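Trainee: Here you go, this is my_file24.cif (mmCIF, C-alpha atoms).
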data_target
#
loop_
_atom_site.group_PDB
_atom_site.id
_atom_site.type_symbol
_atom_site.label_atom_id
_atom_site.label_comp_id
_atom_site.auth_asym_id
_atom_site.auth_seq_id
_atom_site.Cartn_x
_atom_site.Cartn_y
_atom_site.Cartn_z
ATOM 1 C CA MET M 928 132.825 21.153 117.280
ATOM 2 C CA THR M 929 130.452 19.297 115.045
ATOM 3 C CA GLY M 930 131.249 16.725 112.373
ATOM 4 C CA GLU M 931 134.855 16.095 113.461
ATOM 5 C CA GLY M 932 134.790 12.380 114.125
ATOM 6 C CA THR M 933 136.101 10.803 117.310
ATOM 7 C CA ASP M 934 139.652 9.791 116.442
ATOM 8 C CA SER M 935 142.841 11.075 118.004
ATOM 9 C CA ALA M 936 143.263 13.619 115.189
ATOM 10 C CA ALA M 937 139.986 15.211 116.209
ATOM 11 C CA LEU M 938 141.190 15.321 119.803
ATOM 12 C CA LEU M 939 144.412 17.036 118.730
ATOM 13 C CA ARG M 940 142.474 19.560 116.674
ATOM 14 C CA ARG M 941 140.361 20.388 119.722
ATOM 15 C CA CYS M 942 143.517 20.765 121.821
ATOM 16 C CA PHE M 943 145.001 23.198 119.287
ATOM 17 C CA ALA M 944 141.763 25.171 119.240
ATOM 18 C CA GLY M 945 141.841 25.248 123.044
ATOM 19 C CA LEU M 946 145.439 26.483 123.044
ATOM 20 C CA ALA M 947 144.514 29.183 120.569
ATOM 21 C CA ALA M 948 141.645 30.292 122.809
ATOM 22 C CA VAL M 949 143.871 30.362 125.890
ATOM 23 C CA GLY M 950 146.514 32.327 123.964
ATOM 24 C CA VAL M 951 143.959 34.873 122.815
ATOM 25 C CA ALA M 952 142.547 35.345 126.315
ATOM 26 C CA ALA M 953 145.967 35.630 127.958
ATOM 27 C CA THR M 954 147.215 38.081 125.335
ATOM 28 C CA ALA M 955 144.122 40.230 125.779
ATOM 29 C CA VAL M 956 144.702 40.359 129.539
ATOM 30 C CA GLU M 957 148.387 41.194 129.043
ATOM 31 C CA LEU M 958 147.613 43.976 126.569
ATOM 32 C CA ALA M 959 144.978 45.407 128.887
ATOM 33 C CA LEU M 960 147.336 45.357 131.871
ATOM 34 C CA ILE M 961 149.970 47.390 130.030
ATOM 35 C CA ARG M 962 147.274 49.654 128.498
ATOM 36 C CA HIS M 963 148.316 48.834 124.963
ATOM 37 C CA TRP M 964 146.037 51.421 123.354
ATOM 38 C CA THR M 965 147.791 54.769 123.631
ATOM 39 C CA SER M 966 148.424 55.100 119.877
ATOM 40 C CA THR M 967 146.916 53.845 116.645
ATOM 41 C CA GLU M 968 149.677 51.293 116.148
ATOM 42 C CA GLN M 969 148.975 49.887 119.573
ATOM 43 C CA LEU M 970 145.452 48.985 118.470
ATOM 44 C CA ILE M 971 146.743 46.591 115.788
ATOM 45 C CA PRO M 972 147.150 43.575 118.113
ATOM 46 C CA TRP M 973 143.580 44.121 119.338
ATOM 47 C CA ALA M 974 142.405 43.805 115.734
ATOM 48 C CA ALA M 975 144.474 40.645 115.384
ATOM 49 C CA LEU M 976 142.870 39.232 118.525
ATOM 50 C CA GLY M 977 139.453 40.059 117.076
ATOM 51 C CA ALA M 978 140.358 38.123 113.926
ATOM 52 C CA LEU M 979 141.409 35.129 116.006
ATOM 53 C CA VAL M 980 138.185 35.241 118.008
ATOM 54 C CA LEU M 981 136.247 35.316 114.743
ATOM 55 C CA GLY M 982 138.276 32.366 113.467
ATOM 56 C CA LEU M 983 137.626 30.388 116.639
ATOM 57 C CA ALA M 984 133.914 31.139 116.389
ATOM 58 C CA LEU M 985 133.858 29.935 112.781
ATOM 59 C CA LEU M 986 135.673 26.762 113.779
ATOM 60 C CA VAL M 987 133.414 25.969 116.704
ATOM 61 C CA ALA M 988 130.119 26.817 115.036
ATOM 62 C CA ARG M 989 129.359 24.486 112.131
ATOM 63 C CA PRO M 990 132.657 24.457 110.217
ATOM 64 C CA SER M 991 132.471 24.060 106.459
ATOM 65 C CA ARG M 992 135.084 23.951 103.739
ATOM 66 C CA GLY M 993 134.611 27.639 102.976
ATOM 67 C CA ARG M 994 134.741 28.629 106.625
ATOM 68 C CA LEU M 995 137.876 26.600 107.221
ATOM 69 C CA ARG M 996 139.543 28.335 104.284
ATOM 70 C CA ALA M 997 138.471 31.676 105.701
ATOM 71 C CA ILE M 998 139.995 30.683 109.046
ATOM 72 C CA ARG M 999 143.264 29.842 107.334
ATOM 73 C CA ALA M 1000 143.283 33.209 105.590
ATOM 74 C CA LEU M 1001 142.678 34.913 108.931
ATOM 75 C CA THR M 1002 145.512 33.030 110.578
ATOM 76 C CA LEU M 1003 147.881 33.982 107.771
ATOM 77 C CA ALA M 1004 146.919 37.620 108.228
ATOM 78 C CA VAL M 1005 147.533 37.382 111.982
ATOM 79 C CA VAL M 1006 150.958 35.783 111.467
ATOM 80 C CA LEU M 1007 151.900 38.662 109.162
ATOM 81 C CA THR M 1008 150.558 41.099 111.756
ATOM 82 C CA ALA M 1009 152.733 39.468 114.408
ATOM 83 C CA ALA M 1010 155.788 39.828 112.174
ATOM 84 C CA PHE M 1011 154.946 43.503 111.695
ATOM 85 C CA GLY M 1012 154.521 43.853 115.452
ATOM 86 C CA ILE M 1013 157.990 42.458 116.068
ATOM 87 C CA PHE M 1014 159.427 44.929 113.570
ATOM 88 C CA GLU M 1015 157.483 47.781 115.187
ATOM 89 C CA HIS M 1016 158.816 46.892 118.627
ATOM 90 C CA VAL M 1017 162.392 46.771 117.344
ATOM 91 C CA HIS M 1018 161.864 50.071 115.522
ATOM 92 C CA ALA M 1019 160.385 51.678 118.653
ATOM 93 C CA ASN M 1020 163.428 50.596 120.639
ATOM 94 C CA TYR M 1021 165.667 51.986 117.904
ATOM 95 C CA GLU M 1022 163.891 55.347 117.988
ATOM 96 C CA ALA M 1023 163.944 55.499 121.783
ATOM 97 C CA ALA M 1024 167.645 54.744 122.057
ATOM 98 C CA PRO M 1025 168.872 58.374 122.317
ATOM 99 C CA LEU M 1026 166.644 58.813 125.388
ATOM 100 C CA ASP M 1027 168.624 56.142 127.254
ATOM 101 C CA PHE M 1028 171.385 57.962 129.081
ATOM 102 C CA ARG M 1029 173.788 55.079 128.425
ATOM 103 C CA TYR M 1030 173.396 55.604 124.670
ATOM 104 C CA THR M 1031 172.698 59.339 124.378
ATOM 105 C CA ASN M 1032 176.268 60.268 123.572
ATOM 106 C CA ARG M 1033 177.479 57.200 121.694
ATOM 107 C CA TRP M 1034 174.361 56.278 119.688
ATOM 108 C CA ALA M 1035 175.364 58.522 116.782
ATOM 109 C CA THR M 1036 178.792 56.913 116.596
ATOM 110 C CA MET M 1037 177.553 53.310 116.580
ATOM 111 C CA SER M 1038 177.381 51.308 113.348
ATOM 112 C CA THR M 1039 173.968 50.638 111.814
ATOM 113 C CA SER M 1040 174.176 46.929 112.561
ATOM 114 C CA SER M 1041 175.136 47.621 116.187
ATOM 115 C CA LYS M 1042 172.174 49.965 116.573
ATOM 116 C CA TRP M 1043 169.689 47.471 115.188
ATOM 117 C CA TRP M 1044 171.173 44.659 117.240
ATOM 118 C CA ALA M 1045 170.887 46.756 120.404
ATOM 119 C CA ALA M 1046 167.261 47.511 119.547
ATOM 120 C CA ALA M 1047 166.413 43.910 118.617
ATOM 121 C CA SER M 1048 168.096 42.423 121.678
ATOM 122 C CA GLN M 1049 166.347 45.033 123.842
ATOM 123 C CA SER M 1050 169.610 46.353 125.185
ATOM 124 C CA VAL M 1051 167.915 49.677 124.598
ATOM 125 C CA GLY M 1052 164.260 50.693 124.494
ATOM 126 C CA PRO M 1053 161.181 49.663 126.453
ATOM 127 C CA SER M 1054 159.415 47.415 123.934
ATOM 128 C CA PRO M 1055 159.616 43.613 124.348
ATOM 129 C CA THR M 1056 160.769 42.720 120.862
ATOM 130 C CA LEU M 1057 159.438 39.190 120.481
ATOM 131 C CA ALA M 1058 156.218 39.557 122.480
ATOM 132 C CA PRO M 1059 154.045 39.979 119.355
ATOM 133 C CA GLY M 1060 155.118 36.433 118.437
ATOM 134 C CA VAL M 1061 152.446 35.151 120.806
ATOM 135 C CA LEU M 1062 149.884 36.306 118.233
ATOM 136 C CA ALA M 1063 151.570 34.112 115.629
ATOM 137 C CA GLN M 1064 151.581 31.220 118.060
ATOM 138 C CA SER M 1065 147.846 31.494 118.676
ATOM 139 C CA ALA M 1066 147.214 31.877 114.948
ATOM 140 C CA LEU M 1067 149.263 28.779 114.151
ATOM 141 C CA CYS M 1068 147.377 26.817 116.813
ATOM 142 C CA LEU M 1069 144.158 27.845 115.122
ATOM 143 C CA LEU M 1070 145.587 26.907 111.724
ATOM 144 C CA PHE M 1071 146.643 23.476 113.002
ATOM 145 C CA ALA M 1072 143.123 22.990 114.371
ATOM 146 C CA THR M 1073 141.927 23.000 110.757
ATOM 147 C CA LEU M 1074 144.454 20.447 109.428
ATOM 148 C CA GLY M 1075 142.832 17.249 108.173
ATOM 149 C CA HIS M 1076 139.422 18.506 109.199
ATOM 150 C CA PRO M 1077 136.637 16.257 107.839
ATOM 151 C CA ALA M 1078 134.794 19.304 106.512
ATOM 152 C CA LEU M 1079 137.699 19.858 104.110
ATOM 153 C CA ALA M 1080 137.724 16.298 102.779
ATOM 154 C CA THR M 1081 134.033 15.678 102.264
ATOM 155 C CA PRO M 1082 132.083 18.398 100.533
ATOM 156 C CA THR M 1083 128.544 18.898 101.706
ATOM 157 C CA VAL M 1084 126.059 16.942 99.589
ATOM 158 C CA GLU M 1085 122.483 18.062 99.325
ATOM 159 C CA LEU M 1086 119.761 16.294 97.418
ATOM 160 C CA ASP M 1087 117.900 18.274 94.840
ATOM 161 C CA PRO M 1088 114.666 19.359 96.578
ATOM 162 C CA ALA M 1089 112.704 18.342 93.485
ATOM 163 C CA GLY M 1090 114.206 14.849 93.666
ATOM 164 C CA GLU M 1091 115.595 15.044 90.129
ATOM 165 C CA GLY M 1092 119.024 15.123 88.617
ATOM 166 C CA GLU M 1093 122.462 14.906 90.313
ATOM 167 C CA PRO M 1094 122.960 15.771 93.978
ATOM 168 C CA ALA M 1095 124.105 19.352 94.391
ATOM 169 C CA ARG M 1096 127.703 19.670 95.674
ATOM 170 C CA ARG M 1097 129.058 22.759 97.329
ATOM 171 C CA MET I 867 152.529 11.702 106.471
ATOM 172 C CA ARG I 868 149.792 12.913 108.771
ATOM 173 C CA GLN I 869 151.879 11.994 111.799
ATOM 174 C CA MET I 870 154.775 14.027 110.409
ATOM 175 C CA THR I 871 152.453 16.991 109.932
ATOM 176 C CA LYS I 872 151.252 16.752 113.507
ATOM 177 C CA LEU I 873 154.779 16.449 114.860
ATOM 178 C CA ALA I 874 155.882 19.463 112.831
ATOM 179 C CA ALA I 875 152.906 21.424 114.130
ATOM 180 C CA LEU I 876 153.760 20.602 117.724
ATOM 181 C CA GLY I 877 157.405 21.506 117.155
ATOM 182 C CA VAL I 878 156.616 24.922 115.706
ATOM 183 C CA THR I 879 154.181 25.645 118.531
ATOM 184 C CA GLY I 880 156.747 24.747 121.164
ATOM 185 C CA LEU I 881 159.400 26.881 119.516
ATOM 186 C CA LEU I 882 157.128 29.894 119.363
ATOM 187 C CA THR I 883 156.224 29.430 123.016
ATOM 188 C CA LEU I 884 159.886 29.537 123.967
ATOM 189 C CA VAL I 885 160.474 32.584 121.801
ATOM 190 C CA ALA I 886 157.522 34.442 123.293
ATOM 191 C CA CYS I 887 158.647 33.667 126.835
ATOM 192 C CA GLY I 888 162.158 34.852 126.023
ATOM 193 C CA GLY I 889 160.854 38.154 124.716
ATOM 194 C CA SER I 890 158.898 39.009 127.797
ATOM 195 C CA GLY I 891 161.635 37.777 130.094
ATOM 196 C CA SER I 892 164.164 40.214 128.733
ATOM 197 C CA ASP I 893 161.948 43.070 129.804
ATOM 198 C CA SER I 894 162.887 42.846 133.452
ATOM 199 C CA PRO I 895 166.495 44.074 133.342
ATOM 200 C CA THR I 896 165.444 47.261 131.577
ATOM 201 C CA VAL I 897 162.826 48.026 134.182
ATOM 202 C CA GLY I 898 165.286 47.239 136.926
ATOM 203 C CA ALA I 899 167.885 49.540 135.447
ATOM 204 C CA ALA I 900 165.342 52.299 135.086
ATOM 205 C CA GLN I 901 164.252 51.910 138.677
ATOM 206 C CA THR I 902 167.875 52.048 139.777
ATOM 207 C CA ALA I 903 168.394 55.239 137.839
ATOM 208 C CA SER I 904 165.280 56.716 139.390
ATOM 209 C CA THR I 905 166.520 55.870 142.874
ATOM 210 C CA THR I 906 169.897 57.414 142.133
ATOM 211 C CA THR I 907 168.147 60.547 141.021
ATOM 212 C CA THR I 908 166.251 60.759 144.254
ATOM 213 C CA VAL I 909 169.376 60.486 146.379
ATOM 214 C CA ALA I 910 171.267 63.009 144.278
ATOM 215 C CA VAL I 911 168.453 65.539 144.486
ATOM 216 C CA ALA I 912 168.145 65.089 148.234
ATOM 217 C CA THR I 913 171.878 65.560 148.686
ATOM 218 C CA THR I 914 172.152 68.690 146.616
ATOM 219 C CA SER I 915 169.266 70.316 148.384
ATOM 220 C CA GLY I 916 171.603 70.799 151.317
ATOM 221 C CA SER I 917 168.834 70.596 153.891
ATOM 222 C CA THR I 918 169.618 68.007 156.527
ATOM 223 C CA ALA I 919 166.259 68.454 158.185
ATOM 224 C CA THR I 920 164.287 67.499 155.084
ATOM 225 C CA THR I 921 166.515 64.750 153.674
ATOM 226 C CA GLY I 922 164.150 62.008 154.795
ATOM 227 C CA SER I 923 161.047 63.514 153.279
ATOM 228 C CA ALA I 924 162.903 64.400 150.089
ATOM 229 C CA ALA I 925 163.861 60.758 149.628
ATOM 230 C CA THR I 926 160.232 59.677 149.679
ATOM 231 C CA THR I 927 158.829 62.556 147.635
ATOM 232 C CA PRO I 928 161.443 63.416 145.029
ATOM 233 C CA THR I 929 159.191 65.778 143.100
ATOM 234 C CA THR I 930 159.293 68.353 145.811
ATOM 235 C CA ALA I 931 163.055 68.647 145.487
ATOM 236 C CA ALA I 932 163.091 69.501 141.772
ATOM 237 C CA ALA I 933 163.619 73.146 140.996
ATOM 238 C CA PRO I 934 160.526 74.505 139.232
ATOM 239 C CA ALA I 935 160.942 75.864 135.726
ATOM 240 C CA ALA I 936 160.257 79.499 134.981
ATOM 241 C CA THR I 937 157.129 78.649 132.971
ATOM 242 C CA THR I 938 155.088 75.496 132.986
ATOM 243 C CA VAL I 939 152.602 74.100 130.485
ATOM 244 C CA SER I 940 149.678 71.789 131.076
ATOM 245 C CA ALA I 941 150.696 68.161 130.685
ATOM 246 C CA ASN I 942 147.099 67.262 129.839
ATOM 247 C CA ASN I 943 146.065 70.104 127.546
ATOM 248 C CA ALA I 944 149.103 71.772 125.978
ATOM 249 C CA SER I 945 150.044 70.951 122.415
ATOM 250 C CA GLN I 946 153.084 68.810 121.723
ATOM 251 C CA ALA I 947 154.875 71.847 120.277
ATOM 252 C CA ASP I 948 154.205 73.869 123.429
ATOM 253 C CA ILE I 949 155.439 71.042 125.615
ATOM 254 C CA GLN I 950 158.574 70.793 123.498
ATOM 255 C CA LYS I 951 159.204 74.530 123.925
ATOM 256 C CA ALA I 952 158.715 74.268 127.673
ATOM 257 C CA LEU I 953 161.101 71.332 127.877
ATOM 258 C CA GLU I 954 163.681 73.188 125.806
ATOM 259 C CA ALA I 955 163.320 76.166 128.124
ATOM 260 C CA ALA I 956 163.923 73.851 131.065
ATOM 261 C CA GLY I 957 167.139 72.640 129.431
ATOM 262 C CA VAL I 958 165.947 69.138 128.569
ATOM 263 C CA SER I 959 167.992 67.485 125.829
ATOM 264 C CA ASN I 960 166.045 65.615 123.115
ATOM 265 C CA ALA I 961 163.070 67.812 124.034
ATOM 266 C CA ALA I 962 161.152 66.948 120.876
ATOM 267 C CA ARG I 963 161.307 63.216 121.582
ATOM 268 C CA TRP I 964 160.410 63.614 125.250
ATOM 269 C CA ALA I 965 157.463 65.807 124.292
ATOM 270 C CA VAL I 966 156.140 62.910 122.203
ATOM 271 C CA GLU I 967 156.325 60.640 125.238
ATOM 272 C CA VAL I 968 154.587 63.171 127.485
ATOM 273 C CA VAL I 969 151.707 63.425 125.030
ATOM 274 C CA GLU I 970 151.535 59.661 124.502
ATOM 275 C CA TYR I 971 150.810 58.787 128.115
ATOM 276 C CA ARG I 972 147.992 61.295 128.630
ATOM 277 C CA PRO I 973 145.779 61.822 130.512
ATOM 278 C CA TYR I 974 147.466 62.418 133.850
ATOM 279 C CA PRO I 975 145.376 62.364 137.031
ATOM 280 C CA THR I 976 144.785 65.890 138.275
ATOM 281 C CA ASN I 977 144.906 64.674 141.877
ATOM 282 C CA ASP I 978 148.493 63.436 141.505
ATOM 283 C CA PRO I 979 150.878 66.418 141.655
ATOM 284 C CA THR I 980 153.856 64.008 141.800
ATOM 285 C CA PHE I 981 153.184 62.891 138.202
ATOM 286 C CA ALA I 982 153.605 59.278 139.285
ATOM 287 C CA LYS I 983 152.078 57.976 136.067
ATOM 288 C CA LEU I 984 154.430 59.998 133.887
ATOM 289 C CA ARG I 985 157.417 59.098 136.049
ATOM 290 C CA GLN I 986 156.603 55.413 135.748
ATOM 291 C CA ASN I 987 156.320 55.572 131.975
ATOM 292 C CA LEU I 988 159.373 57.737 131.382
ATOM 293 C CA ALA I 989 161.495 55.487 133.589
ATOM 294 C CA LYS I 990 161.085 52.725 131.003
ATOM 295 C CA TYR I 991 163.363 54.708 128.703
ATOM 296 C CA ASN I 992 166.206 54.710 131.208
ATOM 297 C CA PRO I 993 166.696 58.489 131.229
ATOM 298 C CA ALA I 994 169.677 60.206 132.783
ATOM 299 C CA PRO I 995 169.508 60.794 136.536
ATOM 300 C CA GLY I 996 167.567 63.965 137.275
ATOM 301 C CA LEU I 997 166.108 64.246 133.785
ATOM 302 C CA VAL I 998 162.604 63.138 134.764
ATOM 303 C CA ASP I 999 162.526 65.768 137.499
ATOM 304 C CA GLN I 1000 163.712 68.296 134.923
ATOM 305 C CA ILE I 1001 160.896 67.317 132.551
ATOM 306 C CA ILE I 1002 158.247 67.430 135.252
ATOM 307 C CA SER I 1003 159.453 70.800 136.456
ATOM 308 C CA ALA I 1004 158.257 72.175 133.108
ATOM 309 C CA LEU I 1005 154.785 70.656 133.431
ATOM 310 C CA SER I 1006 151.657 71.405 135.409
ATOM 311 C CA LEU I 1007 148.280 69.735 135.821
#
Starting from the file, give its structure as structure tokens.
Mentor:
Amino acid sequence: MTGEGTDSAALLRRCFAGLAAVGVAATAVELALIRHWTSTEQLIPWAALGALVLGLALLVARPSRGRLRAIRALTLAVVLTAAFGIFEHVHANYEAAPLDFRYTNRWATMSTSSKWWAAASQSVGPSPTLAPGVLAQSALCLLFATLGHPALATPTVELDPAGEGEPARR
Amino acid sequence: MRQMTKLAALGVTGLLTLVACGGSGSDSPTVGAAQTASTTTTVAVATTSGSTATTGSAATTPTTAAAPAATTVSANNASQADIQKALEAAGVSNAARWAVEVVEYRPYPTNDPTFAKLRQNLAKYNPAPGLVDQIISALSL
């Protein structure tokens, strides 16, 4: 990464970016292994991974104040996506509950809170409820890689090509 | 202040790591239970077949022991509604929901008459013993 300085903060930012990259790669492998593409909803985490890859590319290639802000917006979107993913997994477990022979007969008699707890705790259903949280983890790593970045503190200064007037700030 | 920010960042990251690991770890008991149910099904089917000479082969190829339904529909090509009707005709409870699952895991290899792929995916839902055989008896490739 260019223009980051050489202090320990820069080292930590690189480590966070590295963790984000590892998280993205591992999640992609995991999703591919379980063939997480059999419905439209199952394509959502792939889009989130694409956003993280884009964010990492923006961070590595000539970061600027605008790009860092764009990265932060992307990470926020991915965190929200992860939260939606967790809800979707819990909801899928909830919907699948009557198929589980242990719950087929008593599901209708259970209280609403008991049903949701069974779905959220994965007592019923095939979906790992908190697995989408790994997307949020990678996104937060990427967000932390932008904290205190020199490109945020010092705006780019360019001299007027004509050599007149104030330097142009952007 | 910056040190506090860094420490907070590390703390949140560690917490999320633990949470993510916990989520995937809880997946195993479900799979194990489903596999147990599948095994129980196999034994029950082999026992009720009443053929002592073929008990061994029935235990390894449970699909052959399931009684075929009167009419079967294509697991790869039939509409979800047609699959639902076929499952209802085969006496499958929650036929509408199971039809959704059959459609979701398409396509099924035409060189696998045991429907191993479908069996593997349906087992995740922990169905009643014998139910998967009942579902597959209504399907063809």
Trainee: Please enclose the listed atoms of region 954-970 of chain M in an axis-aligned box, pad each side by 4 Å, and write out the centre and the three edge lengths in Å, rounded to one decimal, as lines of an AutoDock Vina configuration file.
Mentor:
center_x = 147.0
center_y = 46.6
center_z = 124.0
size_x = 13.8
size_y = 25.0
size_z = 23.7
Trainee: Using the chain letters and numbering of this document, enumerate as a PyMOL selection string the residues selected by the PyMOL selection byres ((chain M) within 9 of (chain I)).
Mentor: chain M and resi 936+939+965-966+1023-1029+1031+1048-1061+1063-1065+1067-1068+1071+1074-1075
Trainee: Just want the 12 Å neighbourhood of Ala1000 (chain M), counted on all atoms listed in the file, with same-chain residues fewer than 6 positions away dropped. Output as a VMD selection string.
Mentor: chain M and resid 978 to 979 981 to 982 993 to 994 1006 to 1007 1066 to 1067 1069 to 1070 1073
Trainee: Report as a PyMOL selection string the residues that result from applying the PyMOL selection byres ((chain M and resi 980) around 12) to the structure here.
Mentor: chain M and resi 944-945+947-952+954-955+973-979+981-987+998+1001-1002+1005+1062+1065-1066+1069
Trainee: Which polymer residues have any atom within 12 Å of an atom of Asp934 (chain M), counting all atoms listed in the file, with same-chain residues fewer than 6 positions away left out, as a count of residues only?
Mentor: 5
Trainee: Nearest to Phe1014 (chain M) among M:Cys942, M:Val956, M:Ile961, M:Trp1043, with distances taken over all atoms listed in the file: which residue is it?
Mentor: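 Checking each candidate against Phe1014 (chain M), we get M:Trp1043 as the closest.
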Trainee: Quick check on the file I pasted: which residues fall under the PyMOL selection byres ((chain I and resi 945-956) around 9)? Write them as a list in words.
Mentor: Pro934, Ala935, Ala936, Thr937, Thr938, Val939, Ser940, Ala941, Asn942, Asn943, Ala944, Gly957, Val958, Ser959, Asn960, Ala961, Ala962, Arg963, Trp964, Ala965, Val966, Val968, Val969, Gln1000, Ile1001, Ile1002, Ser1003, Ala1004 and Leu1005 of chain I
Trainee: Kindly save the residues from that selection, with C-alpha atoms included, as an mmCIF file, in the coordinates of the input.
Mentor:
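That gives us selection30.cif:
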data_model
loop_
_atom_site.group_PDB
_atom_site.id
_atom_site.type_symbol
_atom_site.label_atom_id
_atom_site.label_comp_id
_atom_site.auth_asym_id
_atom_site.auth_seq_id
_atom_site.Cartn_x
_atom_site.Cartn_y
_atom_site.Cartn_z
ATOM 1 C CA PRO I 934 160.526 74.505 139.232
ATOM 2 C CA ALA I 935 160.942 75.864 135.726
ATOM 3 C CA ALA I 936 160.257 79.499 134.981
ATOM 4 C CA THR I 937 157.129 78.649 132.971
ATOM 5 C CA THR I 938 155.088 75.496 132.986
ATOM 6 C CA VAL I 939 152.602 74.100 130.485
ATOM 7 C CA SER I 940 149.678 71.789 131.076
ATOM 8 C CA ALA I 941 150.696 68.161 130.685
ATOM 9 C CA ASN I 942 147.099 67.262 129.839
ATOM 10 C CA ASN I 943 146.065 70.104 127.546
ATOM 11 C CA ALA I 944 149.103 71.772 125.978
ATOM 12 C CA GLY I 957 167.139 72.640 129.431
ATOM 13 C CA VAL I 958 165.947 69.138 128.569
ATOM 14 C CA SER I 959 167.992 67.485 125.829
ATOM 15 C CA ASN I 960 166.045 65.615 123.115
ATOM 16 C CA ALA I 961 163.070 67.812 124.034
ATOM 17 C CA ALA I 962 161.152 66.948 120.876
ATOM 18 C CA ARG I 963 161.307 63.216 121.582
ATOM 19 C CA TRP I 964 160.410 63.614 125.250
ATOM 20 C CA ALA I 965 157.463 65.807 124.292
ATOM 21 C CA VAL I 966 156.140 62.910 122.203
ATOM 22 C CA VAL I 968 154.587 63.171 127.485
ATOM 23 C CA VAL I 969 151.707 63.425 125.030
ATOM 24 C CA GLN I 1000 163.712 68.296 134.923
ATOM 25 C CA ILE I 1001 160.896 67.317 132.551
ATOM 26 C CA ILE I 1002 158.247 67.430 135.252
ATOM 27 C CA SER I 1003 159.453 70.800 136.456
ATOM 28 C CA ALA I 1004 158.257 72.175 133.108
ATOM 29 C CA LEU I 1005 154.785 70.656 133.431
#
Trainee: In Å, with one decimal, what is the gap from CA of Ala1019 (chain M) to CA of Ala1047 (chain M)?
Mentor: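 Separation of CA of Ala1019 (chain M) and CA of Ala1047 (chain M): 9.8 Å.
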Trainee: In Å, rounded to a single decimal, give me how far CA of Ala1009 (chain M) is from CA of Lys1042 (chain M).
Mentor: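 Value for the CA of Lys1042 (chain M)-CA of Ala1009 (chain M) distance: 22.2 Å.
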Trainee: So how many Å separate CA of Trp964 (chain M) and CA of Thr976 (chain I), to one decimal?
Mentor: 20.8 Å
